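Report on one structure; see the data block that follows.
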2 protein chains.
Amino acid sequence: MSAIQKNLVEKNEEYASKFTKGHLALPPAKAYLVLTCMDARIDPAAAFGIDLGDAHVIRNAGASAKDAQRSIIISEQLLGTKEILLVKHTGCDMLTFSNEDAHGLVKKNLGASAAAEIGTLNFLPFSDLEQAVRDDVEFIKKTETIPKDVTVSGWVYEVETGKVKQIV
Amino acid sequence: MSAIQKNLVEKNEEYASKFTKGHLALPPAKAYLVLTCMDARIDPAAAFGIDLGDAHVIRNAGASAKDAQRSIIISEQLLGTKEILLVKHTGCDMLTFSNEDAHGLVKKNLGASAAAEIGTLNFLPFSDLEQAVRDDVEFIKKTETIPKDVTVSGWVYEVETGKVKQIV
């Protein structure tokens, strides 16, 4: 067992020994979902005030709405969420590379057949943080797979200060 | 501002007022990533013992490895992670419906043009939890876009007890 697996087992034993939330229902109690980045410096429950059982939390590279579409549809159509908070963040890795860079790295590090495997995959990088928040909120509002009565807002989280600010 | 947005702002003010981690680096300090479900009953930082800054956390409906491929490649090729913990969970919504059910709901609730918009989207449901963990670990190990020296393990988290157990 690796050190990282050992850490999971040991910390989880501690968590489970004090666990009292085994009765929570499957649908999020507050019927909302948070879409944010996979970045290691974000703890959504603590930073965004999400109590256990209250909200779906979707995380991917860059908090991309396009990449989250399958999960968002399931959250709304099957589990009844009615509001989306989209939170991107300062210092995001998605601001630092282009699609060409990423495809170049895959080819160089993993070889031509790995590059062929992903084809023209869009890594969804962006160059302007606040504009990317606006674009993704727009994308969510425009897609027909998300009902018009879903409330959508867009935010930036500052990894330097721990603060959120609303963009849209 | 909605009640859910107010909750974010108020709880975040509290969080930011005690925030001391503004110095953390972009790459995860412990060079690993956790892939788990968006389910509201999972708090990965607390339940899996992830300290702020240590690991990427990817979350989507069902902890699907296929759906996370773009994020995993970015995590490994651009930010140097070397280990993956895949954690699915008991009581997952993905065990309760079929692709046909989900497409039927979209068509019924959102109309024919929404159904056309998603085409043949695979919602990636599964019918056997532990088998789904094994299948996704296998998928990660087989794909050429993930280097062979990345350690991959598969786990189930019990939402009833707060406990994890290793599957593979």
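Please note that chains go A, B, ... in the order of the structure tokens, that every chain numbers its residues from 1, and that ligands are numbered from 1 in the order shown.
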
For this session: Pull the strand (DSSP E or B) assignments for chain A out of DSSP run on the backbone, and list those residues as a ChimeraX atom specification.
Result: /A:32-37,55-60,83-89,151-157,164-166

Problem set entry | Residue neighbourhood Glu158 (chain A), 6 Å, only C-alpha atoms, exclusion window fewer than 2 positions, as a PyMOL selection string | chain A and resi 89-90+160-163

Exercise. What does the distance from CA of Glu10 (chain A) to CA of Ala46 (chain B) come to in Å, to one decimal?
Worked result: 11.9 Å

For this session: Define the interface residues of chain A facing chain B as those within 6 Å, counting only C-alpha atoms, and report them as an MDAnalysis selection string.
Result: chainID A and resid 8 11:12 15:16 19 22 28 38:41 47:49 52:61 71 114 144:145 159:163

Could you dump the residues just selected with N, CA, C and O atoms as a CSV table (one decimal), in the first residue's frame?
```
chain,number,residue,atom,x,y,z
A,8,LEU,N,-5.1,7.8,3.2
A,8,LEU,CA,-6.6,7.7,3.0
A,8,LEU,C,-7.2,6.8,4.1
A,8,LEU,O,-8.2,7.2,4.8
A,11,LYS,N,-6.8,8.4,7.8
A,11,LYS,CA,-7.6,9.6,8.0
A,11,LYS,C,-9.1,9.3,8.0
A,11,LYS,O,-9.9,9.8,8.7
A,12,ASN,N,-9.4,8.3,7.1
A,12,ASN,CA,-10.8,7.9,6.9
A,12,ASN,C,-11.3,7.2,8.2
A,12,ASN,O,-12.5,7.3,8.6
A,15,TYR,N,-12.3,9.8,10.5
A,15,TYR,CA,-13.5,10.5,10.1
A,15,TYR,C,-14.7,9.6,10.4
A,15,TYR,O,-15.7,10.0,10.9
A,16,ALA,N,-14.6,8.3,10.0
A,16,ALA,CA,-15.8,7.4,10.2
A,16,ALA,C,-16.1,7.2,11.6
A,16,ALA,O,-17.3,7.0,12.0
A,19,PHE,N,-18.5,9.8,12.5
A,19,PHE,CA,-19.5,10.1,11.5
A,19,PHE,C,-20.9,9.9,12.0
A,19,PHE,O,-21.3,8.9,12.6
A,22,GLY,N,-25.2,9.4,8.4
A,22,GLY,CA,-25.5,8.2,7.6
A,22,GLY,C,-27.0,8.2,7.1
A,22,GLY,O,-27.4,7.4,6.2
A,28,PRO,N,-29.7,16.5,-3.2
A,28,PRO,CA,-29.1,17.5,-2.4
A,28,PRO,C,-30.2,18.3,-1.7
A,28,PRO,O,-31.2,18.8,-2.3
A,38,MET,N,-10.6,21.6,-10.2
A,38,MET,CA,-10.0,20.5,-9.4
A,38,MET,C,-8.8,21.0,-8.6
A,38,MET,O,-8.2,20.2,-7.8
A,39,ASP,N,-8.4,22.2,-8.8
A,39,ASP,CA,-7.2,22.8,-8.1
A,39,ASP,C,-7.1,22.4,-6.7
A,39,ASP,O,-8.0,22.4,-5.9
A,40,ALA,N,-5.9,22.0,-6.3
A,40,ALA,CA,-5.6,21.5,-5.0
A,40,ALA,C,-5.8,22.5,-3.9
A,40,ALA,O,-5.9,22.2,-2.7
A,41,ARG,N,-5.8,23.8,-4.3
A,41,ARG,CA,-5.9,24.9,-3.3
A,41,ARG,C,-7.3,25.3,-2.9
A,41,ARG,O,-7.6,26.2,-2.2
A,47,ALA,N,-14.6,26.6,2.0
A,47,ALA,CA,-14.5,27.9,1.5
A,47,ALA,C,-15.9,28.5,1.0
A,47,ALA,O,-16.1,29.7,1.0
A,48,PHE,N,-16.8,27.6,0.6
A,48,PHE,CA,-18.0,28.0,0.0
A,48,PHE,C,-19.2,27.7,0.9
A,48,PHE,O,-20.4,27.9,0.6
A,49,GLY,N,-18.9,27.2,2.1
A,49,GLY,CA,-20.0,27.0,3.1
A,49,GLY,C,-21.0,25.9,2.7
A,49,GLY,O,-22.2,26.2,2.9
A,52,LEU,N,-22.7,19.1,4.6
A,52,LEU,CA,-22.8,17.8,4.0
A,52,LEU,C,-24.2,17.5,3.6
A,52,LEU,O,-25.1,17.7,4.4
A,53,GLY,N,-24.5,17.0,2.4
A,53,GLY,CA,-25.8,16.7,1.9
A,53,GLY,C,-26.5,17.8,1.2
A,53,GLY,O,-27.6,17.6,0.7
A,54,ASP,N,-26.0,19.0,1.2
A,54,ASP,CA,-26.7,20.1,0.7
A,54,ASP,C,-26.6,20.4,-0.8
A,54,ASP,O,-27.5,20.9,-1.4
A,55,ALA,N,-25.5,20.0,-1.4
A,55,ALA,CA,-25.2,20.4,-2.8
A,55,ALA,C,-24.4,19.4,-3.5
A,55,ALA,O,-23.5,18.8,-2.9
A,56,HIS,N,-24.6,19.2,-4.8
A,56,HIS,CA,-23.7,18.5,-5.7
A,56,HIS,C,-22.4,19.4,-5.8
A,56,HIS,O,-22.5,20.6,-5.9
A,57,VAL,N,-21.3,18.8,-5.9
A,57,VAL,CA,-20.1,19.5,-6.2
A,57,VAL,C,-19.4,18.8,-7.4
A,57,VAL,O,-19.0,17.6,-7.3
A,58,ILE,N,-19.3,19.5,-8.5
A,58,ILE,CA,-18.7,19.0,-9.7
A,58,ILE,C,-17.3,19.7,-9.8
A,58,ILE,O,-17.2,20.9,-9.7
A,59,ARG,N,-16.3,19.0,-10.1
A,59,ARG,CA,-14.9,19.6,-10.2
A,59,ARG,C,-14.2,19.0,-11.4
A,59,ARG,O,-14.1,17.8,-11.6
A,60,ASN,N,-13.6,19.9,-12.2
A,60,ASN,CA,-12.8,19.4,-13.4
A,60,ASN,C,-11.7,20.5,-13.6
A,60,ASN,O,-11.7,21.5,-12.9
A,61,ALA,N,-10.9,20.3,-14.5
A,61,ALA,CA,-9.8,21.2,-14.8
A,61,ALA,C,-10.4,22.5,-15.4
A,61,ALA,O,-11.0,22.5,-16.4
A,71,SER,N,-22.9,15.8,-16.2
A,71,SER,CA,-23.2,15.8,-14.7
A,71,SER,C,-24.2,16.8,-14.4
A,71,SER,O,-25.1,16.5,-13.5
A,114,ALA,N,-0.5,7.6,-28.2
A,114,ALA,CA,-1.3,8.4,-27.2
A,114,ALA,C,-1.9,9.6,-27.8
A,114,ALA,O,-3.1,9.9,-27.6
A,144,GLU,N,-29.9,24.2,-24.3
A,144,GLU,CA,-31.3,23.8,-24.1
A,144,GLU,C,-31.5,22.7,-23.1
A,144,GLU,O,-32.6,22.4,-22.7
A,145,THR,N,-30.4,22.0,-22.7
A,145,THR,CA,-30.5,20.9,-21.7
A,145,THR,C,-30.7,21.4,-20.3
A,145,THR,O,-30.8,20.6,-19.4
A,159,VAL,N,-7.2,32.3,-4.7
A,159,VAL,CA,-6.4,31.3,-3.9
A,159,VAL,C,-5.4,32.0,-2.9
A,159,VAL,O,-5.0,31.4,-2.0
A,160,GLU,N,-5.2,33.3,-3.2
A,160,GLU,CA,-4.2,34.1,-2.4
A,160,GLU,C,-4.9,34.6,-1.1
A,160,GLU,O,-4.2,34.8,-0.1
A,161,THR,N,-6.2,34.8,-1.1
A,161,THR,CA,-6.8,35.4,0.1
A,161,THR,C,-8.0,34.6,0.6
A,161,THR,O,-8.5,34.8,1.7
A,162,GLY,N,-8.4,33.6,-0.1
A,162,GLY,CA,-9.5,32.7,0.3
A,162,GLY,C,-10.9,33.4,0.1
A,162,GLY,O,-11.9,32.9,0.5
A,163,LYS,N,-10.9,34.5,-0.6
A,163,LYS,CA,-12.2,35.3,-0.8
A,163,LYS,C,-12.8,34.9,-2.2
A,163,LYS,O,-12.1,34.8,-3.2
```

Problem set entry | region 34-166 of chain B: residues DSSP assigns to helix (DSSP H, G or I), reported as number ranges by chain | B: 44-48, 69-77, 93-95, 99-110, 112-118, 129-142
